[in-house]
>>> print(open('work.tsv').read())   # TSV, C-alpha atoms and all ligand atoms
chain	number	residue	atom	x	y	z
A	1	MET	CA	19.56	56.81	-2.18
A	2	ARG	CA	17.42	58.66	0.30
A	3	TYR	CA	13.73	59.38	0.11
A	4	LEU	CA	13.26	63.02	-0.89
A	5	ARG	CA	9.52	63.06	-1.39
A	6	LEU	CA	6.88	60.40	-0.79
A	7	ASN	CA	3.20	60.08	-0.03
A	8	ASP	CA	1.51	58.97	3.20
A	9	THR	CA	0.64	55.55	1.76
A	10	LEU	CA	4.25	54.58	1.04
A	11	ALA	CA	5.42	55.91	4.42
A	12	ALA	CA	2.64	53.91	6.11
A	13	LEU	CA	3.84	50.76	4.34
A	14	HIS	CA	7.12	51.24	6.18
A	15	GLY	CA	5.25	51.87	9.43
A	16	ARG	CA	6.06	55.59	9.61
A	17	ARG	CA	4.60	59.00	8.98
A	18	ARG	CA	5.71	60.89	5.90
A	19	GLU	CA	7.80	63.48	7.84
A	20	GLU	CA	9.69	60.66	9.61
A	21	GLU	CA	10.55	58.91	6.38
A	22	VAL	CA	11.92	61.85	4.39
A	23	GLY	CA	15.71	61.74	4.47
A	24	LEU	CA	15.96	58.04	5.35
A	25	THR	CA	17.87	55.69	3.05
A	26	VAL	CA	16.00	52.78	1.48
A	27	ARG	CA	17.84	50.44	3.86
A	28	GLU	CA	16.81	52.50	6.88
A	29	ALA	CA	13.21	52.66	5.70
A	30	THR	CA	12.78	48.96	4.93
A	31	GLN	CA	15.70	46.74	5.76
A	32	GLU	CA	14.07	43.54	4.53
A	33	MET	CA	13.12	44.87	1.11
A	34	ALA	CA	16.22	47.00	0.47
A	35	PRO	CA	18.32	44.18	-1.08
A	36	PHE	CA	15.55	43.62	-3.66
A	37	ILE	CA	14.93	47.33	-4.36
A	38	GLU	CA	18.41	48.86	-4.46
A	39	PRO	CA	19.78	46.99	-7.51
A	40	HIS	CA	16.81	48.22	-9.59
A	41	LEU	CA	17.27	51.81	-8.41
A	42	ARG	CA	20.96	51.63	-9.30
A	43	ARG	CA	20.17	50.21	-12.72
A	44	VAL	CA	17.77	53.06	-13.50
A	45	LEU	CA	20.37	55.61	-12.35
A	46	GLU	CA	23.05	53.96	-14.48
A	47	THR	CA	21.09	53.23	-17.65
A	48	GLY	CA	18.40	55.92	-17.60
A	49	GLU	CA	15.94	53.23	-18.68
A	50	PRO	CA	12.70	52.82	-16.72
A	51	ILE	CA	11.65	49.46	-15.24
A	52	ILE	CA	7.93	48.94	-15.66
A	53	ASP	CA	5.57	46.64	-13.73
A	54	LEU	CA	8.12	44.72	-11.74
A	55	GLU	CA	6.59	42.07	-9.47
A	56	LEU	CA	7.98	42.30	-5.92
A	57	LYS	CA	7.02	40.42	-2.81
A	58	GLY	CA	8.23	40.43	0.75
A	59	MET	CA	7.61	41.75	4.22
A	60	VAL	CA	7.45	45.34	5.40
A	61	PRO	CA	7.59	46.84	8.91
A	62	SER	CA	3.89	47.77	8.89
A	63	SER	CA	2.83	44.08	8.72
A	64	PRO	CA	5.59	41.88	10.14
A	65	GLY	CA	5.36	38.20	9.25
A	66	GLU	CA	2.90	38.79	6.40
A	67	GLN	CA	3.96	38.17	2.83
A	68	ARG	CA	2.75	41.03	0.61
A	69	HIS	CA	2.92	41.64	-3.12
A	70	TRP	CA	3.47	44.83	-5.13
A	71	ARG	CA	3.66	45.87	-8.73
A	72	VAL	CA	6.41	48.47	-8.95
A	73	SER	CA	7.68	50.81	-11.69
A	74	TYR	CA	10.90	52.83	-11.45
A	75	TYR	CA	11.68	55.66	-13.78
A	76	PRO	CA	14.52	58.18	-14.05
A	77	VAL	CA	13.91	61.74	-12.81
A	78	ARG	CA	15.86	64.18	-15.00
A	79	THR	CA	16.83	67.84	-14.90
A	80	SER	CA	15.71	70.00	-17.81
A	81	SER	CA	19.12	69.48	-19.41
A	82	GLY	CA	18.58	65.66	-19.30
A	83	GLY	CA	20.89	64.69	-16.43
A	84	ILE	CA	19.54	62.03	-14.07
A	85	VAL	CA	19.09	63.29	-10.51
A	86	GLY	CA	17.02	60.52	-9.01
A	87	VAL	CA	14.53	57.71	-9.37
A	88	GLY	CA	10.77	57.96	-9.19
A	89	ALA	CA	8.81	54.96	-7.98
A	90	VAL	CA	5.17	53.93	-8.29
A	91	VAL	CA	4.21	51.11	-5.94
A	92	VAL	CA	0.84	49.39	-6.34
A	93	GLU	CA	-0.33	46.99	-3.65
A	94	VAL	CA	-1.51	43.74	-5.34
A	95	THR	CA	-1.55	41.38	-2.34
A	96	ALA	CA	-5.28	40.63	-2.56
A	97	GLU	CA	-5.04	39.91	-6.31
A	98	ARG	CA	-2.06	37.59	-5.82
A	99	ARG	CA	-3.75	35.72	-2.98
A	100	ALA	CA	-6.86	35.24	-5.09
A	101	GLN	CA	-4.66	33.99	-7.92
A	102	GLU	CA	-2.77	31.62	-5.61
A	103	GLU	CA	-6.10	30.33	-4.30
A	104	ARG	CA	-7.32	29.76	-7.87
A	105	GLU	CA	-4.10	27.89	-8.70
A	106	ARG	CA	-4.45	25.79	-5.54
A	107	LEU	CA	-8.05	24.89	-6.42
A	108	LEU	CA	-7.05	24.07	-9.97
A	109	SER	CA	-4.27	21.76	-8.86
A	110	GLU	CA	-6.65	20.11	-6.38
A	111	ALA	CA	-9.15	19.58	-9.19
A	112	HIS	CA	-6.40	18.06	-11.38
A	113	GLU	CA	-5.39	15.80	-8.49
A	114	ALA	CA	-9.01	14.71	-7.96
A	115	ILE	CA	-9.32	13.88	-11.67
A	116	ARG	CA	-6.07	11.91	-11.52
A	117	VAL	CA	-7.28	9.96	-8.47
A	118	ARG	CA	-10.58	9.24	-10.23
A	119	ASP	CA	-8.83	8.08	-13.40
A	120	ASP	CA	-6.43	5.88	-11.43
A	121	PHE	CA	-9.36	4.52	-9.49
A	122	LEU	CA	-11.32	3.71	-12.64
A	123	SER	CA	-8.44	1.80	-14.10
A	124	ILE	CA	-7.74	-0.10	-10.85
A	125	ALA	CA	-11.44	-0.82	-10.28
A	126	SER	CA	-11.95	-2.11	-13.84
A	127	HIS	CA	-8.88	-4.28	-13.50
A	128	GLU	CA	-9.99	-5.66	-10.13
A	129	LEU	CA	-13.51	-6.34	-11.38
A	130	LYS	CA	-12.26	-8.02	-14.52
A	131	THR	CA	-9.70	-10.30	-12.82
A	132	PRO	CA	-12.20	-12.77	-11.27
A	133	LEU	CA	-14.18	-12.94	-14.52
A	134	THR	CA	-11.51	-14.83	-16.46
A	135	PRO	CA	-11.33	-17.88	-14.13
A	136	LEU	CA	-15.10	-17.69	-13.61
A	137	LYS	CA	-15.69	-17.91	-17.36
A	138	LEU	CA	-13.22	-20.77	-17.61
A	139	HIS	CA	-14.93	-22.76	-14.88
A	140	LEU	CA	-18.35	-22.21	-16.40
A	141	GLN	CA	-17.06	-23.34	-19.80
A	142	MET	CA	-15.66	-26.50	-18.21
A	143	LEU	CA	-19.05	-27.19	-16.65
A	144	LYS	CA	-20.79	-26.56	-19.96
A	145	GLN	CA	-18.51	-29.01	-21.79
A	146	ARG	CA	-19.52	-31.79	-19.43
A	147	GLY	CA	-22.90	-31.91	-21.09
A	148	THR	CA	-26.28	-32.44	-19.56
A	149	GLY	CA	-26.91	-35.21	-17.10
A	150	GLN	CA	-23.32	-35.32	-15.82
A	151	PRO	CA	-22.89	-34.10	-12.23
A	152	ALA	CA	-20.86	-30.90	-11.82
A	153	PRO	CA	-17.55	-31.60	-10.00
A	154	SER	CA	-17.74	-29.75	-6.71
A	155	ALA	CA	-14.14	-28.47	-6.99
A	156	ILE	CA	-14.99	-26.50	-10.14
A	157	VAL	CA	-18.23	-25.20	-8.64
A	158	GLU	CA	-16.35	-24.14	-5.48
A	159	LYS	CA	-13.75	-22.29	-7.54
A	160	ALA	CA	-16.42	-20.54	-9.58
A	161	LEU	CA	-18.27	-19.56	-6.39
A	162	ALA	CA	-15.05	-18.20	-4.88
A	163	GLN	CA	-14.67	-15.85	-7.86
A	164	VAL	CA	-18.31	-14.78	-7.56
A	165	LYS	CA	-17.66	-14.09	-3.87
A	166	ARG	CA	-14.64	-11.97	-4.76
A	167	LEU	CA	-16.67	-10.01	-7.29
A	168	SER	CA	-19.53	-9.36	-4.89
A	169	GLY	CA	-17.03	-8.32	-2.20
A	170	LEU	CA	-15.58	-5.70	-4.54
A	171	ILE	CA	-19.00	-4.46	-5.59
A	172	ASN	CA	-20.17	-4.26	-1.96
A	173	ASP	CA	-17.09	-2.21	-1.07
A	174	LEU	CA	-17.89	0.16	-3.93
A	175	LEU	CA	-21.51	0.45	-2.83
A	176	ASP	CA	-20.52	1.04	0.82
A	177	THR	CA	-18.06	3.71	-0.25
A	178	SER	CA	-20.69	5.60	-2.14
A	179	ARG	CA	-23.10	5.20	0.80
A	180	ILE	CA	-20.47	6.63	3.15
A	181	GLY	CA	-19.82	9.52	0.74
A	182	ALA	CA	-23.55	10.31	0.74
A	183	GLY	CA	-23.84	9.81	4.54
A	184	ARG	CA	-26.22	6.91	4.00
A	185	LEU	CA	-24.45	4.02	5.70
A	186	GLU	CA	-26.88	3.13	8.42
A	187	LEU	CA	-26.48	0.97	11.50
A	188	GLU	CA	-29.01	-1.34	13.03
A	189	CYS	CA	-27.90	-1.55	16.61
A	190	LYS	CA	-28.66	-4.27	19.12
A	191	PRO	CA	-26.71	-5.80	22.00
A	192	VAL	CA	-23.81	-7.80	20.52
A	193	GLN	CA	-21.75	-10.41	22.36
A	194	LEU	CA	-18.30	-9.68	21.05
A	195	LEU	CA	-16.74	-13.04	21.79
A	196	GLU	CA	-19.53	-14.88	20.04
A	197	LEU	CA	-19.17	-12.58	17.05
A	198	ILE	CA	-15.41	-13.07	16.87
A	199	ARG	CA	-15.77	-16.87	17.08
A	200	GLU	CA	-18.39	-16.81	14.34
A	201	VAL	CA	-16.23	-14.71	11.99
A	202	LEU	CA	-13.16	-16.83	12.75
A	203	ALA	CA	-15.01	-20.06	11.99
A	204	ASP	CA	-15.41	-18.86	8.39
A	205	PHE	CA	-11.67	-18.26	8.15
A	206	GLN	CA	-10.26	-21.48	9.54
A	207	PRO	CA	-10.84	-23.51	6.36
A	208	VAL	CA	-9.84	-20.66	3.98
A	209	SER	CA	-6.14	-20.48	4.62
A	210	VAL	CA	-3.94	-23.52	5.09
A	211	HIS	CA	-0.83	-21.35	5.52
A	212	HIS	CA	-2.15	-19.28	8.37
A	213	ALA	CA	-2.99	-20.22	11.94
A	214	PHE	CA	-5.48	-18.24	14.00
A	215	THR	CA	-5.41	-17.70	17.74
A	216	CYS	CA	-7.88	-15.81	19.85
A	217	GLU	CA	-7.10	-14.33	23.25
A	218	GLU	CA	-10.42	-14.41	24.98
A	219	PRO	CA	-11.40	-12.35	28.00
A	220	GLN	CA	-12.62	-14.01	31.21
A	221	GLU	CA	-16.18	-12.99	30.61
A	222	ASP	CA	-18.00	-12.00	27.48
A	223	ILE	CA	-18.15	-8.33	26.55
A	224	VAL	CA	-21.45	-6.99	25.33
A	225	ILE	CA	-21.64	-3.80	23.33
A	226	HIS	CA	-24.41	-2.04	21.49
A	227	GLY	CA	-23.80	-2.20	17.77
A	228	ASP	CA	-24.61	-3.43	14.29
A	229	ARG	CA	-23.66	-7.10	14.25
A	230	GLY	CA	-23.35	-7.41	10.47
A	231	ARG	CA	-21.24	-4.27	10.12
A	232	LEU	CA	-18.95	-5.24	13.00
A	233	ALA	CA	-18.51	-8.67	11.42
A	234	GLN	CA	-17.57	-6.84	8.22
A	235	VAL	CA	-14.84	-4.88	10.08
A	236	LEU	CA	-13.40	-8.08	11.60
A	237	THR	CA	-13.58	-9.94	8.29
A	238	ASN	CA	-11.78	-7.12	6.54
A	239	LEU	CA	-8.99	-6.97	9.13
A	240	LEU	CA	-8.59	-10.75	9.02
A	241	GLU	CA	-8.58	-10.81	5.21
A	242	ASN	CA	-5.90	-8.14	5.19
A	243	ALA	CA	-3.87	-10.01	7.82
A	244	ILE	CA	-3.84	-13.05	5.51
A	245	LYS	CA	-3.41	-11.07	2.31
A	246	TYR	CA	-0.42	-9.12	3.61
A	247	SER	CA	1.32	-12.12	5.23
A	248	PRO	CA	2.17	-13.96	2.03
A	249	THR	CA	4.58	-16.34	3.78
A	250	GLY	CA	1.98	-17.50	6.30
A	251	GLY	CA	2.22	-17.18	10.06
A	252	THR	CA	-0.12	-16.77	12.96
A	253	VAL	CA	-2.92	-14.23	13.01
A	254	ARG	CA	-3.76	-13.21	16.59
A	255	ILE	CA	-7.06	-11.76	17.64
A	256	SER	CA	-7.67	-10.35	21.05
A	257	CYS	CA	-10.66	-8.84	22.75
A	258	ALA	CA	-10.56	-7.08	26.12
A	259	SER	CA	-12.36	-4.37	28.00
A	260	SER	CA	-10.41	-1.34	29.09
A	261	GLY	CA	-12.20	1.36	31.09
A	262	ALA	CA	-15.35	2.30	29.24
A	263	GLU	CA	-14.28	0.60	26.02
A	264	ALA	CA	-13.87	-2.78	24.41
A	265	VAL	CA	-10.58	-3.11	22.52
A	266	ILE	CA	-10.32	-5.62	19.70
A	267	SER	CA	-7.06	-6.26	17.90
A	268	VAL	CA	-5.90	-8.26	14.90
A	269	SER	CA	-2.14	-8.90	14.58
A	270	ASP	CA	-0.15	-10.53	11.84
A	271	SER	CA	3.52	-11.17	11.19
A	272	GLY	CA	3.40	-10.05	7.57
A	273	ILE	CA	4.94	-7.31	5.42
A	274	GLY	CA	4.06	-4.48	7.82
A	275	ILE	CA	3.49	-0.86	6.80
A	276	PRO	CA	6.15	1.85	6.37
A	277	ALA	CA	5.81	4.53	9.09
A	278	ASP	CA	5.13	7.42	6.69
A	279	GLN	CA	2.24	5.53	5.05
A	280	GLN	CA	0.39	4.61	8.23
A	281	LYS	CA	-1.54	7.84	8.71
A	282	HIS	CA	-3.04	7.52	5.21
A	283	LEU	CA	-4.18	3.89	5.48
A	284	PHE	CA	-7.75	4.74	6.41
A	285	GLU	CA	-8.20	7.14	3.49
A	286	ARG	CA	-10.26	6.21	0.46
A	287	PHE	CA	-8.33	4.35	-2.30
A	288	PHE	CA	-5.07	4.43	-0.34
A	289	ARG	CA	-2.72	1.47	-0.76
A	290	ALA	CA	0.66	1.48	0.96
A	291	ARG	CA	3.82	1.70	-1.12
A	292	ASN	CA	4.85	-1.84	-0.14
A	293	ALA	CA	1.50	-3.45	-1.05
A	294	PRO	CA	2.32	-5.83	-3.91
A	295	ILE	CA	0.55	-4.89	-7.14
A	296	THR	CA	0.31	-8.42	-8.44
A	297	GLY	CA	-1.08	-11.46	-6.67
A	298	PHE	CA	-3.54	-9.86	-4.32
A	299	GLY	CA	-4.87	-6.61	-5.57
A	300	GLY	CA	-7.33	-4.42	-3.76
A	301	LEU	CA	-9.21	-1.18	-4.17
A	302	GLY	CA	-7.89	0.47	-1.02
A	303	LEU	CA	-11.44	0.78	0.33
A	304	GLY	CA	-11.60	-1.83	3.08
A	305	LEU	CA	-9.95	0.19	5.85
A	306	TYR	CA	-11.80	3.34	4.83
A	307	ILE	CA	-15.08	1.48	5.30
A	308	CYS	CA	-13.83	-0.07	8.59
A	309	ARG	CA	-13.00	3.37	9.96
A	310	ASP	CA	-16.41	4.72	9.08
A	311	ILE	CA	-18.20	1.79	10.71
A	312	VAL	CA	-16.07	1.95	13.87
A	313	GLU	CA	-16.45	5.72	14.20
A	314	ARG	CA	-20.21	5.48	13.72
A	315	HIS	CA	-20.22	3.17	16.72
A	316	GLY	CA	-18.38	5.87	18.68
A	317	GLY	CA	-15.04	4.03	18.54
A	318	ARG	CA	-11.57	4.59	17.07
A	319	ILE	CA	-9.37	2.47	14.81
A	320	TRP	CA	-5.61	2.65	14.36
A	321	VAL	CA	-2.58	0.63	13.36
A	322	GLU	CA	0.73	-0.19	15.00
A	323	SER	CA	3.27	-1.52	12.55
A	324	GLU	CA	6.82	-1.58	11.32
A	325	ALA	CA	7.72	-2.37	7.72
A	326	GLY	CA	8.72	-6.04	7.50
A	327	HIS	CA	7.65	-6.83	11.05
A	328	GLY	CA	3.92	-7.37	10.91
A	329	SER	CA	0.98	-5.13	11.78
A	330	THR	CA	-1.53	-4.83	14.59
A	331	PHE	CA	-4.86	-3.17	13.85
A	332	ARG	CA	-6.86	-2.16	16.91
A	333	PHE	CA	-10.29	-0.71	17.31
A	334	THR	CA	-12.39	0.31	20.26
A	335	LEU	CA	-16.14	0.23	20.85
A	336	PRO	CA	-17.81	2.03	23.73
A	337	LEU	CA	-19.26	-0.22	26.42
A	338	ASN	CA	-22.95	0.64	26.65
A	339	SER	CA	-22.23	4.37	26.73
A	340	HIS	CA	-24.10	4.89	23.49
A	341	HIS	CA	-27.82	4.60	23.34
A	342	PRO	CA	-29.20	3.31	20.03
A	343	GLU	CA	-31.05	6.59	19.38
A	344	SER	CA	-27.90	8.62	19.76
A	345	LEU	CA	-26.13	6.25	17.38
A	346	GLU	CA	-28.78	6.70	14.74
A	347	ALA	CA	-28.75	10.46	15.23
A	348	GLY	CA	-24.95	10.40	14.87
A	349	ALA	CA	-25.25	8.45	11.65
A	350	ALA	CA	-27.80	10.88	10.26
A	351	ASP	CA	-25.63	13.89	11.18
A	352	ALA	CA	-22.61	12.35	9.53
B	1	LIG	P1	-6.87	-3.10	0.00
B	1	LIG	O1	-6.39	-4.23	0.86
B	1	LIG	O2	-8.03	-3.46	-0.85
B	1	LIG	O3	-5.77	-2.44	-0.77
B	1	LIG	P2	-7.52	-1.72	2.50
B	1	LIG	O4	-8.22	-0.42	2.70
B	1	LIG	O5	-8.06	-2.91	3.19
B	1	LIG	O6	-7.46	-1.94	0.93
B	1	LIG	O7	-6.02	-1.52	2.93
B	1	LIG	C1	-5.32	-0.37	2.50
B	1	LIG	C2	-3.85	-0.63	2.44
B	1	LIG	O8	-3.35	-0.83	3.77
B	1	LIG	C3	-3.46	-1.90	1.71
B	1	LIG	O9	-3.36	-1.66	0.33
B	1	LIG	C4	-2.11	-2.21	2.32
B	1	LIG	O10	-1.11	-1.40	1.72
B	1	LIG	C5	-2.26	-1.74	3.76
B	1	LIG	N1	-2.60	-2.83	4.70
B	1	LIG	C6	-3.80	-3.13	5.21
B	1	LIG	N2	-3.74	-4.15	6.08
B	1	LIG	C7	-2.45	-4.52	6.13
B	1	LIG	C8	-1.72	-5.52	6.86
B	1	LIG	N3	-2.33	-6.36	7.72
B	1	LIG	N4	-0.37	-5.59	6.66
B	1	LIG	C9	0.25	-4.74	5.81
B	1	LIG	N5	-0.37	-3.79	5.10
B	1	LIG	C10	-1.70	-3.66	5.25
>>> encode(input="work.tsv", output="structure tokens", more="lines below")
Ligand code: ADP
Amino acid sequence: MRYLRLNDTLAALHGRRREEEVGLTVREATQEMAPFIEPHLRRVLETGEPIIDLELKGMVPSSPGEQRHWRVSYYPVRTSSGGIVGVGAVVVEVTAERRAQEERERLLSEAHEAIRVRDDFLSIASHELKTPLTPLKLHLQMLKQRGTGQPAPSAIVEKALAQVKRLSGLINDLLDTSRIGAGRLELECKPVQLLELIREVLADFQPVSVHHAFTCEEPQEDIVIHGDRGRLAQVLTNLLENAIKYSPTGGTVRISCASSGAEAVISVSDSGIGIPADQQKHLFERFFRARNAPITGFGGLGLGLYICRDIVERHGGRIWVESEAGHGSTFRFTLPLNSHHPESLEAGAADA
């Protein structure tokens, strides 16, 4: 099985000139491809039947390391009396076509995945939005049954308000997510005293959870940064809510605030369910919920951390998690100490 005659293009595929290739065996000409080619050549020699439009792929000496594709036909070459003396081959390079096809398939599967994520999201979002409505309706019906003139028991009103709060929280997360997607989440930056902010956010939490204790490690002196007070409070609230939500058996939630070099570092630690290592890098993605997040009891849309990341990054900071499944989680974020001027922040937000 030696090459008797071939054109320049085939010889070039093997990285040689035509004169160099004549007389070489298939194995000598292209060692990598020979095991895929030889059985077909042998079959044509043995059966006399051509093989048409065979799809082959592999690497050739002229382009090491690059996967290429060919459409190949082999046919028997006969003497005038009909005896088979060799095999003729037609090799058509189809690498560009195949790559375009692979790209189309990749885009199609991405589109299917995006549709799946959207459908999943719609069903989770409808479920989450509907859940608070049932108790809310119940509480309102109870109030209605009391008739006019009778004072509304504050416990029922409180419960109804808690469900309204949950609903507006979900809707705000949805609105923020679409603002982030459109690059329209804007910051109103002013000097913010971090300690004061943390104390203020914590004060709202103390009465909420009877199973959780809160401690705050305060720095010697207050740290002032330039940022959007409301949005930073939102980040802290979200991290604290998660710390409670994902520590179903209670425990202490620790907050710390310190300055380190040119940054303030704020952390929120819990002793809850933790996060499996392979899930951690996805936590800040839209709609992501870790595998170990319970489905019942305390649902969520998987938007909170996505929004937190956007807010922190718009302030020029970073956010990350340190955790081990079953052994609690620590979320940390940084904020630059006065290194950002408000104008540059706004410009950054507009660029994003
Ligand atoms: P949500 O809580 O609504 O699902 P988040 O974006 O706030 O959305 O959180 C994303 C996921 O990160 C959660 O579903 C959960 O799996 C995981 N997670 C967040 N905070 C914690 C925490 N403190 N402990 C364990 N897992 C957490």
>>> closest_atom_pairs(input="work.tsv", of="chain A", to="ligand LIG 1 (chain B)", cutoff="8 Å", atoms="all atoms listed in the file", output="tab-separated table")
residue	atom	partner	partner_atom	distance
A:Asn238	CA	B:LIG1	O5	6.5
A:Leu239	CA	B:LIG1	N2	6.7
A:Leu240	CA	B:LIG1	N3	7.8
A:Asn242	CA	B:LIG1	N2	4.6
A:Ala243	CA	B:LIG1	N3	4.0
A:Ile244	CA	B:LIG1	N3	7.2
A:Lys245	CA	B:LIG1	N3	7.3
A:Tyr246	CA	B:LIG1	N4	4.7
A:Ser247	CA	B:LIG1	N4	6.9
A:Ser269	CA	B:LIG1	N3	7.3
A:Asp270	CA	B:LIG1	N3	6.3
A:Gly272	CA	B:LIG1	N4	5.9
A:Ile273	CA	B:LIG1	C9	5.4
A:Gly274	CA	B:LIG1	C9	4.3
A:Ile275	CA	B:LIG1	N5	5.1
A:Gln280	CA	B:LIG1	O8	8.0
A:Leu283	CA	B:LIG1	O8	5.1
A:Phe284	CA	B:LIG1	O4	6.4
A:Glu285	CA	B:LIG1	O4	7.6
A:Arg286	CA	B:LIG1	O4	7.3
A:Phe287	CA	B:LIG1	O4	6.9
A:Phe288	CA	B:LIG1	C1	5.6
A:Arg289	CA	B:LIG1	O9	3.4
A:Ala290	CA	B:LIG1	O10	3.5
A:Arg291	CA	B:LIG1	O10	6.5
A:Asn292	CA	B:LIG1	O10	6.3
A:Ala293	CA	B:LIG1	O10	4.3
A:Pro294	CA	B:LIG1	O10	7.9
A:Gly299	CA	B:LIG1	O3	6.4
A:Gly300	CA	B:LIG1	O2	3.1
A:Leu301	CA	B:LIG1	O2	4.2
A:Gly302	CA	B:LIG1	O6	3.1
A:Leu303	CA	B:LIG1	O4	4.2
A:Gly304	CA	B:LIG1	O4	3.7
A:Leu305	CA	B:LIG1	O4	3.6
A:Tyr306	CA	B:LIG1	O4	5.6
A:Ile307	CA	B:LIG1	O4	7.6
A:Gly328	CA	B:LIG1	N4	6.3
A:Ser329	CA	B:LIG1	N4	5.3
A:Thr330	CA	B:LIG1	N3	7.1
A:Phe331	CA	B:LIG1	N3	7.4
>>> residues_around(input="work.tsv", residues="Leu202 (chain A)", least_positions_apart="2", cutoff="12 Å", atoms="all atoms listed in the file", output="ChimeraX atom specification")
/A:195-200,204-209,213-216,233-234,236-241,253-256,268
>>> atom_distance(input="work.tsv", atom1="CA of Leu161 (chain A)", atom2="CA of Leu136 (chain A)")
8.1 Å
>>> closest_residue(input="work.tsv", among="A:His112, A:Arg118, A:His127, A:Arg42", to="Ile84 (chain A)", atoms="all atoms listed in the file")
A:Arg42
>>> residues_around(input="work.tsv", residues="Lys130 (chain A)", least_positions_apart="4", cutoff="12 Å", atoms="all atoms listed in the file", output="list in words")
Leu122, Ser123, Ile124, Ala125, Ser126, Thr134, Pro135, Leu136, Lys137, Gln163, Val164, Arg166, Leu167, Leu170, Ile171 and Gly299 of chain A
>>> residues_near_point(input="work.tsv", point="(14.9, 56.3, -15.3)", cutoff="8 Å", atoms="all atoms listed in the file", output="ChimeraX atom specification")
/A:44-45,47-51,74-78,84,86-88
>>> closest_residue(input="work.tsv", among="A:Thr30, A:Ser271, A:Thr252, A:Gln279", to="Ser63 (chain A)", atoms="only C-alpha atoms")
A:Thr30
>>> atom_distance(input="work.tsv", atom1="CA of Val72 (chain A)", atom2="CA of Thr95 (chain A)")
12.5 Å
>>> residues_around(input="work.tsv", residues="Gln67 (chain A)", least_positions_apart="3", cutoff="10 Å", atoms="all atoms listed in the file", output="PyMOL selection string")
chain A and resi 57-60+63-64+95+99
>>> build_atoms(input="work.tsv", residues="region 169-180 of chain A", atoms="N, CA and C atoms", output="PDB file, in the frame of the given file")
ATOM      1  N   GLY A 169     -17.744  -9.077  -3.231  1.00  0.00           N
ATOM      2  CA  GLY A 169     -17.030  -8.320  -2.200  1.00  0.00           C
ATOM      3  C   GLY A 169     -16.597  -6.955  -2.722  1.00  0.00           C
ATOM      4  N   LEU A 170     -16.041  -6.962  -3.941  1.00  0.00           N
ATOM      5  CA  LEU A 170     -15.580  -5.700  -4.540  1.00  0.00           C
ATOM      6  C   LEU A 170     -16.752  -4.741  -4.762  1.00  0.00           C
ATOM      7  N   ILE A 171     -17.845  -5.314  -5.278  1.00  0.00           N
ATOM      8  CA  ILE A 171     -19.000  -4.460  -5.590  1.00  0.00           C
ATOM      9  C   ILE A 171     -19.610  -3.909  -4.290  1.00  0.00           C
ATOM     10  N   ASN A 172     -19.654  -4.757  -3.240  1.00  0.00           N
ATOM     11  CA  ASN A 172     -20.170  -4.260  -1.960  1.00  0.00           C
ATOM     12  C   ASN A 172     -19.306  -3.135  -1.399  1.00  0.00           C
ATOM     13  N   ASP A 173     -17.980  -3.285  -1.535  1.00  0.00           N
ATOM     14  CA  ASP A 173     -17.090  -2.210  -1.070  1.00  0.00           C
ATOM     15  C   ASP A 173     -17.375  -0.909  -1.820  1.00  0.00           C
ATOM     16  N   LEU A 174     -17.590  -1.042  -3.131  1.00  0.00           N
ATOM     17  CA  LEU A 174     -17.890   0.160  -3.930  1.00  0.00           C
ATOM     18  C   LEU A 174     -19.202   0.786  -3.479  1.00  0.00           C
ATOM     19  N   LEU A 175     -20.203  -0.064  -3.254  1.00  0.00           N
ATOM     20  CA  LEU A 175     -21.510   0.450  -2.830  1.00  0.00           C
ATOM     21  C   LEU A 175     -21.406   1.118  -1.452  1.00  0.00           C
ATOM     22  N   ASP A 176     -20.675   0.452  -0.514  1.00  0.00           N
ATOM     23  CA  ASP A 176     -20.520   1.040   0.820  1.00  0.00           C
ATOM     24  C   ASP A 176     -19.813   2.382   0.745  1.00  0.00           C
ATOM     25  N   THR A 177     -18.796   2.455  -0.131  1.00  0.00           N
ATOM     26  CA  THR A 177     -18.060   3.710  -0.250  1.00  0.00           C
ATOM     27  C   THR A 177     -18.955   4.828  -0.730  1.00  0.00           C
ATOM     28  N   SER A 178     -19.825   4.516  -1.682  1.00  0.00           N
ATOM     29  CA  SER A 178     -20.690   5.600  -2.140  1.00  0.00           C
ATOM     30  C   SER A 178     -21.749   5.924  -1.089  1.00  0.00           C
ATOM     31  N   ARG A 179     -22.162   4.918  -0.303  1.00  0.00           N
ATOM     32  CA  ARG A 179     -23.100   5.200   0.800  1.00  0.00           C
ATOM     33  C   ARG A 179     -22.441   6.106   1.832  1.00  0.00           C
ATOM     34  N   ILE A 180     -21.170   5.815   2.158  1.00  0.00           N
ATOM     35  CA  ILE A 180     -20.470   6.630   3.150  1.00  0.00           C
ATOM     36  C   ILE A 180     -20.356   8.071   2.635  1.00  0.00           C
TER      37      ILE A 180
END
